[in-house]
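Note: the block below is my_file39.txt and it holds compact mmCIF, C-alpha atoms.
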```txt
# COMPACT_ATOMS: atom_id res chain seq x y z
CA MET A 30 136.00 116.74 152.76
CA LYS A 31 133.54 118.76 154.85
CA LYS A 32 136.24 121.33 155.62
CA ARG A 33 137.07 121.64 151.92
CA SER A 34 133.38 122.12 151.09
CA LEU A 35 133.12 124.77 153.80
CA LEU A 36 136.13 126.66 152.43
CA ARG A 37 134.74 126.49 148.91
CA ALA A 38 131.36 127.76 150.14
CA ASN A 39 133.00 130.59 152.09
CA ALA A 40 135.05 131.66 149.06
CA LYS A 41 131.92 131.64 146.91
CA GLY A 42 130.09 133.68 149.54
CA ILE A 43 132.85 136.26 149.89
CA ALA A 44 133.13 136.69 146.11
CA SER A 45 129.39 136.97 145.54
CA ILE A 46 128.67 139.25 148.51
CA GLY A 47 131.61 141.50 147.63
CA SER A 48 130.51 141.76 144.00
CA LEU A 49 126.89 142.42 144.95
CA THR A 50 127.97 145.11 147.39
CA VAL A 51 129.89 146.91 144.65
CA ILE A 52 127.01 146.54 142.18
CA PHE A 53 124.42 147.84 144.62
CA ALA A 54 126.66 150.70 145.72
CA LEU A 55 127.24 151.84 142.13
CA THR A 56 123.57 151.63 141.18
CA VAL A 57 121.85 152.81 144.35
CA PHE A 58 124.15 155.82 144.54
CA ALA A 59 124.12 156.34 140.78
CA PRO A 60 123.86 160.16 141.06
CA LEU A 61 127.21 160.19 142.87
CA PHE A 62 129.04 157.97 140.38
CA ALA A 63 127.40 158.96 137.09
CA PRO A 64 129.75 161.39 135.29
CA PHE A 65 126.96 163.07 133.28
CA ASP A 66 123.22 163.60 133.24
CA PRO A 67 121.76 160.38 131.78
CA TYR A 68 118.93 162.30 130.10
CA LYS A 69 121.03 165.06 128.54
CA GLN A 70 121.20 164.87 124.77
CA SER A 71 123.95 166.31 122.60
CA LEU A 72 123.67 165.95 118.84
CA GLN A 73 127.34 166.95 118.54
CA ASP A 74 128.38 163.89 120.56
CA ILE A 75 126.46 161.12 118.80
CA LEU A 76 127.90 157.57 118.85
CA ILE A 77 131.23 158.43 120.44
CA SER A 78 133.14 155.21 121.05
CA PRO A 79 134.29 154.17 124.56
CA LEU A 80 137.33 155.92 126.05
CA SER A 81 136.95 158.86 123.67
CA SER A 82 136.68 162.57 124.36
CA TYR A 83 133.55 164.59 123.87
CA SER A 84 133.68 167.17 121.13
CA ALA A 85 131.30 169.51 122.95
CA GLY A 86 131.09 168.27 126.51
CA GLY A 87 134.74 168.65 127.28
CA GLY A 88 134.96 165.32 129.10
CA THR A 89 135.92 161.70 128.55
CA SER A 90 133.27 159.12 127.74
CA LEU A 91 134.34 155.93 129.48
CA LEU A 92 131.70 153.76 127.80
CA GLY A 93 130.82 156.00 124.87
CA THR A 94 127.58 157.75 123.94
CA ASP A 95 124.38 156.58 122.26
CA GLN A 96 122.52 157.70 119.16
CA LEU A 97 121.26 160.83 120.94
CA GLY A 98 124.60 161.78 122.48
CA ARG A 99 123.69 160.54 125.97
CA ASP A 100 126.44 159.08 128.14
CA VAL A 101 126.22 155.29 128.21
CA LEU A 102 127.90 154.86 131.61
CA SER A 103 125.50 157.30 133.27
CA ARG A 104 122.49 155.60 131.72
CA LEU A 105 123.89 152.19 132.66
CA LEU A 106 124.13 153.17 136.33
CA TYR A 107 120.70 154.76 136.45
CA GLY A 108 119.20 151.86 134.51
CA GLY A 109 120.79 149.40 136.92
CA ARG A 110 119.31 151.20 139.90
CA LEU A 111 115.84 150.98 138.38
CA SER A 112 116.21 147.34 137.31
CA LEU A 113 117.49 146.22 140.70
CA TRP A 114 114.82 148.05 142.70
CA ILE A 115 112.03 146.71 140.49
CA SER A 116 113.41 143.19 140.92
CA ILE A 117 113.84 143.51 144.69
CA ILE A 118 110.30 144.80 145.25
CA ALA A 119 108.85 142.14 142.95
CA VAL A 120 110.79 139.37 144.72
CA VAL A 121 109.69 140.58 148.16
CA ILE A 122 106.02 140.65 147.13
CA SER A 123 106.10 137.32 145.31
CA GLY A 124 108.23 135.78 148.08
CA VAL A 125 105.83 136.78 150.86
CA LEU A 126 102.76 135.73 148.87
CA GLY A 127 104.23 132.47 147.63
CA SER A 128 105.72 131.51 151.00
CA VAL A 129 102.43 132.08 152.83
CA ILE A 130 100.55 130.02 150.25
CA GLY A 131 103.19 127.28 150.38
CA ILE A 132 103.14 127.09 154.19
CA VAL A 133 99.33 127.04 154.35
CA ALA A 134 99.04 124.42 151.60
CA GLY A 135 101.72 122.18 153.08
CA TYR A 136 100.55 122.48 156.69
CA PHE A 137 96.81 121.94 156.21
CA GLY A 138 96.97 119.59 153.23
CA GLY A 139 93.74 118.07 151.94
CA LYS A 140 91.41 120.26 149.90
CA THR A 141 93.31 123.43 150.82
CA ASP A 142 96.52 121.98 149.40
CA ALA A 143 94.75 120.61 146.32
CA ILE A 144 93.06 123.92 145.44
CA LEU A 145 96.16 126.08 145.97
CA MET A 146 98.47 123.73 144.11
CA ARG A 147 96.05 123.36 141.19
CA LEU A 148 96.09 127.14 140.85
CA ALA A 149 99.88 126.98 140.89
CA ASP A 150 99.87 124.23 138.26
CA ILE A 151 97.61 126.29 135.99
CA GLN A 152 99.98 129.25 136.18
CA MET A 153 103.04 127.01 135.75
CA SER A 154 101.56 125.73 132.49
CA ILE A 155 101.73 129.25 131.05
CA PRO A 156 105.24 130.51 130.11
CA SER A 157 106.18 133.40 132.40
CA MET A 158 107.15 135.60 129.47
CA LEU A 159 103.82 135.06 127.73
CA LEU A 160 101.93 135.68 130.97
CA ALA A 161 103.90 138.87 131.56
CA ILE A 162 103.18 140.16 128.04
CA VAL A 163 99.46 139.46 128.41
CA MET A 164 99.30 141.16 131.81
CA VAL A 165 101.17 144.22 130.55
CA ALA A 166 98.79 144.39 127.60
CA VAL A 167 95.84 144.35 130.04
CA LEU A 168 97.23 146.54 132.82
CA GLY A 169 99.37 148.81 130.67
CA SER A 170 103.02 149.74 131.08
CA GLY A 171 104.45 151.75 133.94
CA LEU A 172 106.61 151.09 136.97
CA THR A 173 103.82 149.94 139.31
CA ASN A 174 102.26 147.62 136.75
CA ILE A 175 105.63 146.06 135.90
CA VAL A 176 106.21 145.26 139.58
CA ILE A 177 102.74 143.70 139.80
CA VAL A 178 103.37 141.64 136.67
CA LEU A 179 106.72 140.35 137.94
CA ALA A 180 105.29 139.53 141.37
CA VAL A 181 102.37 137.59 139.91
CA THR A 182 104.65 135.55 137.67
CA GLY A 183 107.01 134.68 140.54
CA TRP A 184 104.90 133.51 143.49
CA VAL A 185 104.36 129.97 142.17
CA THR A 186 107.99 128.93 142.53
CA PHE A 187 108.12 130.09 146.15
CA ALA A 188 104.85 128.31 146.93
CA ARG A 189 105.91 124.95 145.48
CA VAL A 190 109.40 124.94 147.04
CA VAL A 191 108.19 126.02 150.49
CA ARG A 192 105.26 123.57 150.42
CA SER A 193 107.58 120.64 149.70
CA GLN A 194 109.66 121.49 152.77
CA VAL A 195 106.64 122.09 155.02
CA LEU A 196 105.31 118.62 154.20
CA SER A 197 108.31 117.14 156.03
CA LEU A 198 108.57 119.80 158.74
CA LYS A 199 105.02 119.32 159.96
CA GLU A 200 105.80 115.67 160.77
CA LEU A 201 108.59 116.57 163.21
CA GLU A 202 108.11 115.72 166.87
CA TYR A 203 108.08 119.25 168.25
CA VAL A 204 105.42 120.27 165.73
CA GLU A 205 103.30 117.25 166.64
CA ALA A 206 103.79 118.10 170.32
CA ALA A 207 102.65 121.67 169.74
CA LYS A 208 99.52 120.39 167.98
CA ALA A 209 98.81 117.98 170.86
CA MET A 210 99.12 120.87 173.36
CA GLY A 211 96.48 122.82 171.48
CA VAL A 212 98.77 125.54 170.13
CA PRO A 213 96.91 127.50 167.41
CA SER A 214 97.92 126.60 163.86
CA ILE A 215 98.90 130.19 163.07
CA ASN A 216 101.40 130.15 165.96
CA ILE A 217 102.83 126.80 164.90
CA MET A 218 103.33 128.01 161.34
CA ALA A 219 104.87 131.31 162.48
CA LYS A 220 107.14 129.99 165.26
CA HIS A 221 108.02 126.44 164.21
CA ILE A 222 107.51 126.13 160.46
CA LEU A 223 108.51 129.51 159.03
CA PRO A 224 111.94 129.82 160.77
CA ASN A 225 112.99 126.46 159.33
CA THR A 226 112.13 127.54 155.80
CA LEU A 227 114.01 130.85 155.81
CA TYR A 228 117.14 129.46 154.16
CA THR A 229 115.01 127.91 151.43
CA ILE A 230 113.09 131.15 150.93
CA ALA A 231 116.29 133.21 150.83
CA THR A 232 117.91 130.87 148.31
CA GLN A 233 114.84 130.92 146.13
CA ALA A 234 114.64 134.71 146.42
CA ALA A 235 118.19 135.07 145.08
CA LEU A 236 117.44 132.79 142.13
CA GLN A 237 114.13 134.52 141.48
CA MET A 238 115.75 137.94 141.53
CA SER A 239 117.98 137.02 138.61
CA HIS A 240 114.89 135.77 136.79
CA MET A 241 113.06 139.04 137.55
CA ILE A 242 115.96 141.13 136.22
CA LEU A 243 115.99 139.11 133.00
CA LEU A 244 112.20 139.26 132.61
CA ALA A 245 112.09 143.01 133.28
CA ALA A 246 114.88 143.54 130.75
CA ALA A 247 113.00 141.43 128.19
CA LEU A 248 109.83 143.48 128.65
CA SER A 249 111.79 146.70 128.27
CA PHE A 250 113.50 145.31 125.18
CA LEU A 251 110.07 144.62 123.66
CA GLY A 252 108.91 148.14 124.51
CA LEU A 253 106.44 146.85 127.14
CA GLY A 254 108.25 148.07 130.21
CA ILE A 255 108.66 151.54 131.60
CA ASP A 256 108.76 154.72 129.52
CA VAL A 257 111.33 154.47 126.73
CA SER A 258 113.03 157.71 127.81
CA THR A 259 113.79 156.26 131.26
CA PRO A 260 117.15 154.44 131.40
CA SER A 261 116.76 150.67 131.70
CA TRP A 262 119.08 147.84 130.70
CA GLY A 263 116.56 146.16 128.43
CA GLY A 264 115.68 149.48 126.82
CA MET A 265 119.36 150.24 126.20
CA VAL A 266 119.83 146.89 124.46
CA ASN A 267 116.79 147.64 122.34
CA ASP A 268 118.03 151.15 121.48
CA GLY A 269 121.35 149.79 120.29
CA LYS A 270 120.16 146.86 118.20
CA SER A 271 119.88 149.04 115.09
CA TYR A 272 123.48 150.22 115.51
CA ILE A 273 125.10 146.89 116.36
CA SER A 274 127.39 146.97 113.31
CA SER A 275 128.54 150.58 113.75
CA ALA A 276 128.21 151.12 117.52
CA TRP A 277 128.58 147.72 119.18
CA TRP A 278 128.83 149.17 122.69
CA LEU A 279 125.21 150.38 122.79
CA SER A 280 123.80 146.85 123.11
CA THR A 281 126.87 144.90 124.19
CA ILE A 282 127.65 146.84 127.37
CA PRO A 283 124.16 146.71 128.95
CA GLY A 284 123.88 143.08 127.83
CA LEU A 285 127.13 142.25 129.62
CA ALA A 286 125.90 144.15 132.69
CA ILE A 287 122.75 142.01 132.79
CA ALA A 288 124.79 138.82 132.41
CA LEU A 289 127.26 139.87 135.13
CA VAL A 290 124.57 140.76 137.65
CA ILE A 291 122.61 137.56 137.00
CA MET A 292 125.76 135.45 137.33
CA THR A 293 126.68 137.16 140.60
CA ILE A 294 123.20 136.73 142.07
CA ASN A 295 123.14 133.06 141.06
CA LEU A 296 126.53 132.59 142.71
CA PHE A 297 125.11 134.13 145.88
CA GLY A 298 122.12 131.78 145.66
CA ASP A 299 124.46 128.80 145.32
CA TRP A 300 126.32 129.96 148.42
CA LEU A 301 123.08 130.16 150.40
CA ARG A 302 122.18 126.64 149.25
CA ASP A 303 125.60 125.35 150.29
CA ARG A 304 125.16 126.99 153.69
CA ALA A 305 121.80 125.27 154.10
CA GLU A 306 123.31 121.88 153.22
CA LEU A 307 126.19 122.33 155.69
CA ARG A 308 123.95 123.25 158.60
```
Written as structure tokens, how would this file's structure read?
Amino acid sequence: MKKRSLLRANAKGIASIGSLTVIFALTVFAPLFAPFDPYKQSLQDILISPLSSYSAGGGTSLLGTDQLGRDVLSRLLYGGRLSLWISIIAVVISGVLGSVIGIVAGYFGGKTDAILMRLADIQMSIPSMLLAIVMVAVLGSGLTNIVIVLAVTGWVTFARVVRSQVLSLKELEYVEAAKAMGVPSINIMAKHILPNTLYTIATQAALQMSHMILLAAALSFLGLGIDVSTPSWGGMVNDGKSYISSAWWLSTIPGLAIALVIMTINLFGDWLRDRAELR
């Protein structure tokens, strides 16, 4: 049974890592794979359907063009690069912040734990989408502000998950021995607590990244994200909603891209969780 579970986990890991490698390669190196300039407009090539030839560009549009004659595939790749980088940076910031808070709260307990967790409870009571909209309204749109908004909405989950694990880790014998020997708390947390929470943090980071991608896309769809002229998956879905009956690919293709990436990242997170359980 354990061998079967290991094989299933390995297959899931290979599939998810392979898919993520392809996705990141296509988006990070978007200038190499994009067939056309994602910003170039051509009024002669408006709403060309997928796998059709340009009338003026002299090329083939694999995924069609939008209402301004821009190549959908090129914008999809560039939009994916932006969406993934925003999500990665936001997850790193929220992961570091939330993990530190979770370790400190779980290790020291008492009033420190009560204060930090009450702050987390207050934020958890506010829907992340509503909080993000309010913060964007206060801070304004823009790449930096969107990263800040996503990071602020994501730290609570890291803090609560890490804290729950630290509560059990701090009772282990080698941690108690380190305390008895007078080892500073910062060293105990860094050398004994943190390494044992890395799998948990990594798993949570994968799950949070899919949430960040979806939240960033939702903000862009609502016109609260980055500049509307900059390619983004949420912005592409928003641009195509008015043409859904005549040009289905404008919203459908970026929507499917979002779903595919989120599914792949969640599969990777499941693999990390399986690895942690089989350790």
Using all atoms listed in the file, the best pick from A:Met241, A:Ile130, A:Ala207, A:Leu168 as closest to A:Ile144 would be A:Ile130
A:Ser258 proximity check over A:Thr94, A:Gln152, A:Gln70, A:Thr226, using all atoms listed in the file: winner is A:Gln70
A:Val190 environment, 9 Å, all atoms listed in the file, sequence neighbours closer than 3 positions dropped, as a PyMOL selection string = chain A and resi 128+131+185-187+193-195+229-230+233
Hey, what's within 12 Å of A:Thr173 if we count all atoms listed in the file and toss same-chain stuff fewer than 4 positions away? As a PyMOL selection string, please? chain A and resi 114-116+118-119+165+168-169+177-180+254-256
Correct to one decimal, the distance atom CA of A:Ser112-atom CA of A:Val176 is 10.5 Å
What are the centre and edge lengths in Å, to one decimal, of the axis-aligned box around all listed atoms of stretch 216-231 of chain A with 5 Å added on each side, as AutoDock Vina command-line options?
```
--center_x 109.3 --center_y 129.7 --center_z 158.4 --size_x 25.7 --size_y 17.1 --size_z 25.1
```
List the spatial neighbours of stretch 103-105 of chain A as JSON, numbers by chain - criterion: any atom at most 7 Å away, only C-alpha atoms, same-chain residues fewer than 5 positions off excluded.
{"A": [63, 64, 65, 66, 67, 260, 262, 283]}
Q) A:Leu91, A:Leu223, A:Leu251, A:Leu61: which is nearest A:Asp268, counting all atoms listed in the file? A)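 Under the stated criterion, the closest residue is A:Leu251.
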Do you know which residues are at most 12 Å from A:Val133 counting all atoms listed in the file, after dropping those on the same chain fewer than 3 positions away, and could you put them as a compact mmCIF listing (two decimals) with C-alpha atoms, in the frame of the given file?
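Output file around38.txt follows:
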```txt
# COMPACT_ATOMS: atom_id res chain seq x y z
CA LEU A 126 102.76 135.73 148.87
CA GLY A 127 104.23 132.47 147.63
CA SER A 128 105.72 131.51 151.00
CA VAL A 129 102.43 132.08 152.83
CA ILE A 130 100.55 130.02 150.25
CA TYR A 136 100.55 122.48 156.69
CA PHE A 137 96.81 121.94 156.21
CA GLY A 138 96.97 119.59 153.23
CA GLY A 139 93.74 118.07 151.94
CA LYS A 140 91.41 120.26 149.90
CA THR A 141 93.31 123.43 150.82
CA ASP A 142 96.52 121.98 149.40
CA ALA A 143 94.75 120.61 146.32
CA ILE A 144 93.06 123.92 145.44
CA LEU A 145 96.16 126.08 145.97
CA MET A 146 98.47 123.73 144.11
CA ALA A 188 104.85 128.31 146.93
CA ARG A 189 105.91 124.95 145.48
CA VAL A 191 108.19 126.02 150.49
CA ARG A 192 105.26 123.57 150.42
CA SER A 193 107.58 120.64 149.70
CA GLN A 194 109.66 121.49 152.77
CA VAL A 195 106.64 122.09 155.02
CA LEU A 196 105.31 118.62 154.20
CA LYS A 199 105.02 119.32 159.96
CA SER A 214 97.92 126.60 163.86
CA ILE A 215 98.90 130.19 163.07
CA ILE A 217 102.83 126.80 164.90
CA MET A 218 103.33 128.01 161.34
CA ALA A 219 104.87 131.31 162.48
CA ILE A 222 107.51 126.13 160.46
CA LEU A 223 108.51 129.51 159.03
```
